[in-house]
Amino acid sequence: MNDLGPSCSSECLQYRGTMDVFYKVTKQEGIVRLWRGTGASLALAVPTVGIYLPSYDLLRNWIEEYSDHSFPKLRPYAPLIAGSVARSLACITCSPIELARTRMQAFKESNVGGKPPGMRKTLLGVLSLRQSINHPENFRPYHLLWTGLGAQLARDVPFSAICWTVLEPTRRHLIGMIGEQSNAAVILGANFSAGFIAGVISAGATCPLDVAKTRRQIEKDPARVLHMNTRRILHEVWSKEGINGIFRGAGPRMARAGPSVGIVVSSYEVVKHIMHRKHAEP
């Protein structure tokens with residue numbers, strides 16, 4: 001997505017790697033533009049985590065309790081099932097904000113000193129696409145705000161399933177190595193380490209799905225917007241760019257996901273620990 005005009009050669013629109021992105025964005029648009037979409041990211045993080053982690057906890061506890069009484073073989077799959085369902089709820093609820101963030105980060109402007117569109121203007125731009133689309137009578141404009149939801153679910157649900165399947169046994173193993181010293185520092189360290197490992201593995205495994213999700217959400221051709229899906233996008237990327245295209249951006253994604261999952265999970269568990277201790281005090 002760009003508005004760089006005819007003065008920009010095709011070379012400036014092509015990125016060859018992470019450092020090339022840093023260099024070209026800084027040179028063409030200024031270093032501040034590396035933080036474009038931060039507001040949307042913060043607006044996305046609060047409701048997403050607020051829905052995702054409590055839902056996961058409740059569902060996992062319910063599945064484990066049910067399996068202990070009725071179906072013991074289900075217990076090992078509790079993190080996978082709970083993570084998938086909880087992530088689906090969070091994705092569906094926050095998809096418009098994710099769409100705005102993706103488009104804001106993909107936007108390029110013609111004037112270096114200009115101001116890129118904010119989240120509200122970006123979402124209004126998405127809604128304006130309805131004028132260019134031949135849609136059925138029962139089509140509602142607000143459906144466009146959930147553009148790419150299928151691709152997002154195809155990415156985030158497997159990510160969450162893999163993440164919690166790796167995180168739970170890793171966390172139990174790390175805490176078991178330390179013993180009964182369940183203080184805040186131990187909980188912080190064990191959860192951050194387990195979250196970091198799980199985040200890196202999950203991000204690498206689901207990178208092709210992230211490529212599909214991103215390309216789906218930054219597509220500006222109205223005709224393609226309604227007909228693209230994850231399978232078609234991945235087939236198109238594989239045909240034109242091969243394995244490198246399918247795993248494009250894997251390095252930065254893994255580098256971000258590791259500490260991100262570690263920080264979120266460890267912070268959440270430490271707050272839970274502190275609240276439980278205060279509740280238990282007479």
# chains A, B, ... in the order shown; residues from 1 in each chain; ligands from 1

call {"tool": "residues_around", "arguments": {"residues": "Val186 in chain A", "least_positions_apart": "3", "cutoff": "12 Å", "atoms": "only C-alpha atoms", "output": "PyMOL selection string"}}
result
chain A and resi 171-172+174-183+189-193+266+269-270+273

call {"tool": "residues_around", "arguments": {"residues": "Ala82 in chain A", "least_positions_apart": "6", "cutoff": "8 Å", "atoms": "only C-alpha atoms", "output": "VMD selection string"}}
result
chain A and resid 55 to 57 59 to 60 63

call {"tool": "atom_distance", "arguments": {"atom1": "CA of Val200 in chain A", "atom2": "CA of Leu53 in chain A"}}
result
18.6 Å

call {"tool": "closest_residue", "arguments": {"among": "A:Lys220, A:Lys240, A:Arg232, A:Arg256", "to": "Gly195 in chain A", "atoms": "only C-alpha atoms"}}
result
A:Arg256

call {"tool": "atom_distance", "arguments": {"atom1": "CA of Arg87 in chain A", "atom2": "CA of Leu153 in chain A"}}
result
8.2 Å

call {"tool": "atom_distance", "arguments": {"atom1": "CA of Ala212 in chain A", "atom2": "CA of Thr230 in chain A"}}
result
5.7 Å

call {"tool": "closest_residue", "arguments": {"among": "A:Gly30, A:Gly83, A:Gly251, A:Pro76", "to": "Val157 in chain A", "atoms": "only C-alpha atoms"}}
result
A:Gly83

call {"tool": "residues_around", "arguments": {"residues": "Val211 in chain A", "least_positions_apart": "3", "cutoff": "10 Å", "atoms": "only C-alpha atoms", "output": "list in words"}}
result
Ala151, Arg155, Thr206, Cys207, Pro208, Thr214, Arg215, Arg216, Thr230, Ile233, Leu234, Val237, Gly245, Ile246, Phe247, Arg248, Gly249 and Ala250 of chain A

call {"tool": "write_last_selection", "arguments": {"atoms": "all heavy atoms", "output": "short mmCIF file (atom, residue, chain, number, x, y, z; two decimals), in the first residue's frame"}}
result
data_model
loop_
_atom_site.label_atom_id
_atom_site.label_comp_id
_atom_site.auth_asym_id
_atom_site.auth_seq_id
_atom_site.Cartn_x
_atom_site.Cartn_y
_atom_site.Cartn_z
N ALA A 151 -8.53 -15.32 7.55
CA ALA A 151 -7.07 -15.50 7.52
C ALA A 151 -6.47 -15.28 8.91
O ALA A 151 -5.51 -15.94 9.29
CB ALA A 151 -6.44 -14.54 6.51
N ARG A 155 -4.50 -18.04 11.22
CA ARG A 155 -3.17 -17.83 11.79
C ARG A 155 -3.17 -17.96 13.31
O ARG A 155 -2.36 -18.67 13.90
CB ARG A 155 -2.65 -16.44 11.41
CG ARG A 155 -1.27 -16.12 12.00
CD ARG A 155 -0.99 -14.63 12.01
NE ARG A 155 -1.87 -13.91 12.94
CZ ARG A 155 -1.73 -12.62 13.23
NH1 ARG A 155 -0.78 -11.92 12.64
NH2 ARG A 155 -2.55 -12.04 14.08
N THR A 206 3.67 -20.91 12.30
CA THR A 206 2.50 -20.30 11.67
C THR A 206 2.84 -19.10 10.79
O THR A 206 1.94 -18.37 10.38
CB THR A 206 1.49 -19.85 12.75
OG1 THR A 206 2.13 -18.91 13.64
CG2 THR A 206 0.98 -21.03 13.56
N CYS A 207 4.12 -18.91 10.47
CA CYS A 207 4.52 -17.77 9.64
C CYS A 207 3.81 -17.73 8.29
O CYS A 207 3.38 -16.65 7.86
CB CYS A 207 6.03 -17.77 9.44
SG CYS A 207 6.64 -16.32 8.56
N PRO A 208 3.66 -18.85 7.57
CA PRO A 208 2.92 -18.79 6.29
C PRO A 208 1.50 -18.25 6.44
O PRO A 208 1.02 -17.52 5.58
CB PRO A 208 2.92 -20.25 5.82
CG PRO A 208 4.13 -20.86 6.45
CD PRO A 208 4.22 -20.20 7.80
N THR A 214 -1.70 -11.01 6.40
CA THR A 214 -1.25 -9.65 6.11
C THR A 214 -1.60 -9.25 4.69
O THR A 214 -2.11 -8.15 4.45
CB THR A 214 0.27 -9.54 6.33
OG1 THR A 214 0.58 -9.90 7.68
CG2 THR A 214 0.76 -8.12 6.06
N ARG A 215 -1.35 -10.11 3.73
CA ARG A 215 -1.65 -9.78 2.33
C ARG A 215 -3.15 -9.65 2.11
O ARG A 215 -3.59 -8.84 1.28
CB ARG A 215 -1.05 -10.83 1.41
CG ARG A 215 0.46 -10.90 1.52
CD ARG A 215 1.11 -11.50 0.31
NE ARG A 215 2.55 -11.55 0.47
CZ ARG A 215 3.42 -11.74 -0.52
NH1 ARG A 215 2.96 -11.88 -1.75
NH2 ARG A 215 4.72 -11.78 -0.29
N ARG A 216 -3.92 -10.41 2.84
CA ARG A 216 -5.38 -10.29 2.73
C ARG A 216 -5.86 -8.94 3.23
O ARG A 216 -6.72 -8.31 2.62
CB ARG A 216 -6.02 -11.42 3.57
CG ARG A 216 -7.55 -11.36 3.65
CD ARG A 216 -8.19 -11.79 2.35
NE ARG A 216 -9.63 -11.91 2.47
CZ ARG A 216 -10.50 -10.91 2.32
NH1 ARG A 216 -10.06 -9.70 2.06
NH2 ARG A 216 -11.79 -11.12 2.43
N THR A 230 -7.36 -17.74 2.41
CA THR A 230 -6.02 -18.15 2.84
C THR A 230 -5.40 -19.13 1.86
O THR A 230 -4.22 -19.00 1.49
CB THR A 230 -6.09 -18.78 4.24
OG1 THR A 230 -6.63 -17.82 5.16
CG2 THR A 230 -4.72 -19.20 4.71
N ILE A 233 -4.32 -17.36 -1.41
CA ILE A 233 -3.17 -16.47 -1.19
C ILE A 233 -1.89 -17.28 -1.07
O ILE A 233 -0.86 -16.96 -1.68
CB ILE A 233 -3.38 -15.60 0.06
CG1 ILE A 233 -4.57 -14.67 -0.13
CG2 ILE A 233 -2.13 -14.78 0.37
CD1 ILE A 233 -4.99 -13.95 1.12
N LEU A 234 -1.91 -18.34 -0.28
CA LEU A 234 -0.71 -19.15 -0.09
C LEU A 234 -0.30 -19.81 -1.41
O LEU A 234 0.91 -19.91 -1.71
CB LEU A 234 -0.96 -20.21 0.98
CG LEU A 234 -1.07 -19.69 2.42
CD1 LEU A 234 -1.40 -20.82 3.37
CD2 LEU A 234 0.21 -18.99 2.83
N VAL A 237 1.34 -17.04 -3.50
CA VAL A 237 2.67 -16.70 -3.00
C VAL A 237 3.66 -17.81 -3.32
O VAL A 237 4.80 -17.55 -3.76
CB VAL A 237 2.63 -16.46 -1.48
CG1 VAL A 237 4.04 -16.25 -0.92
CG2 VAL A 237 1.78 -15.22 -1.16
N GLY A 245 8.96 -16.72 -0.06
CA GLY A 245 7.76 -15.90 0.09
C GLY A 245 6.85 -16.40 1.19
O GLY A 245 6.27 -15.60 1.93
N ILE A 246 6.73 -17.72 1.30
CA ILE A 246 5.86 -18.31 2.31
C ILE A 246 6.34 -17.98 3.72
O ILE A 246 5.54 -17.73 4.63
CB ILE A 246 5.80 -19.85 2.13
CG1 ILE A 246 5.02 -20.20 0.86
CG2 ILE A 246 5.16 -20.52 3.33
CD1 ILE A 246 3.54 -19.89 0.92
N PHE A 247 7.66 -17.94 3.90
CA PHE A 247 8.22 -17.66 5.23
C PHE A 247 8.84 -16.28 5.32
O PHE A 247 9.70 -16.03 6.16
CB PHE A 247 9.26 -18.73 5.59
CG PHE A 247 8.64 -20.04 6.02
CD1 PHE A 247 8.43 -21.05 5.09
CD2 PHE A 247 8.25 -20.25 7.33
CE1 PHE A 247 7.85 -22.25 5.45
CE2 PHE A 247 7.68 -21.45 7.71
CZ PHE A 247 7.47 -22.46 6.77
N ARG A 248 8.37 -15.37 4.47
CA ARG A 248 8.89 -14.01 4.52
C ARG A 248 8.52 -13.35 5.85
O ARG A 248 7.39 -13.37 6.30
CB ARG A 248 8.32 -13.18 3.37
CG ARG A 248 9.03 -11.85 3.17
CD ARG A 248 8.51 -11.13 1.95
NE ARG A 248 8.61 -11.93 0.74
CZ ARG A 248 9.73 -12.10 0.04
NH1 ARG A 248 10.85 -11.53 0.45
NH2 ARG A 248 9.72 -12.84 -1.05
N GLY A 249 9.51 -12.75 6.48
CA GLY A 249 9.29 -12.09 7.77
C GLY A 249 9.31 -13.02 8.96
O GLY A 249 8.96 -12.61 10.07
N ALA A 250 9.75 -14.27 8.77
CA ALA A 250 9.75 -15.23 9.87
C ALA A 250 10.68 -14.77 11.01
O ALA A 250 10.34 -14.90 12.19
CB ALA A 250 10.17 -16.61 9.38
#
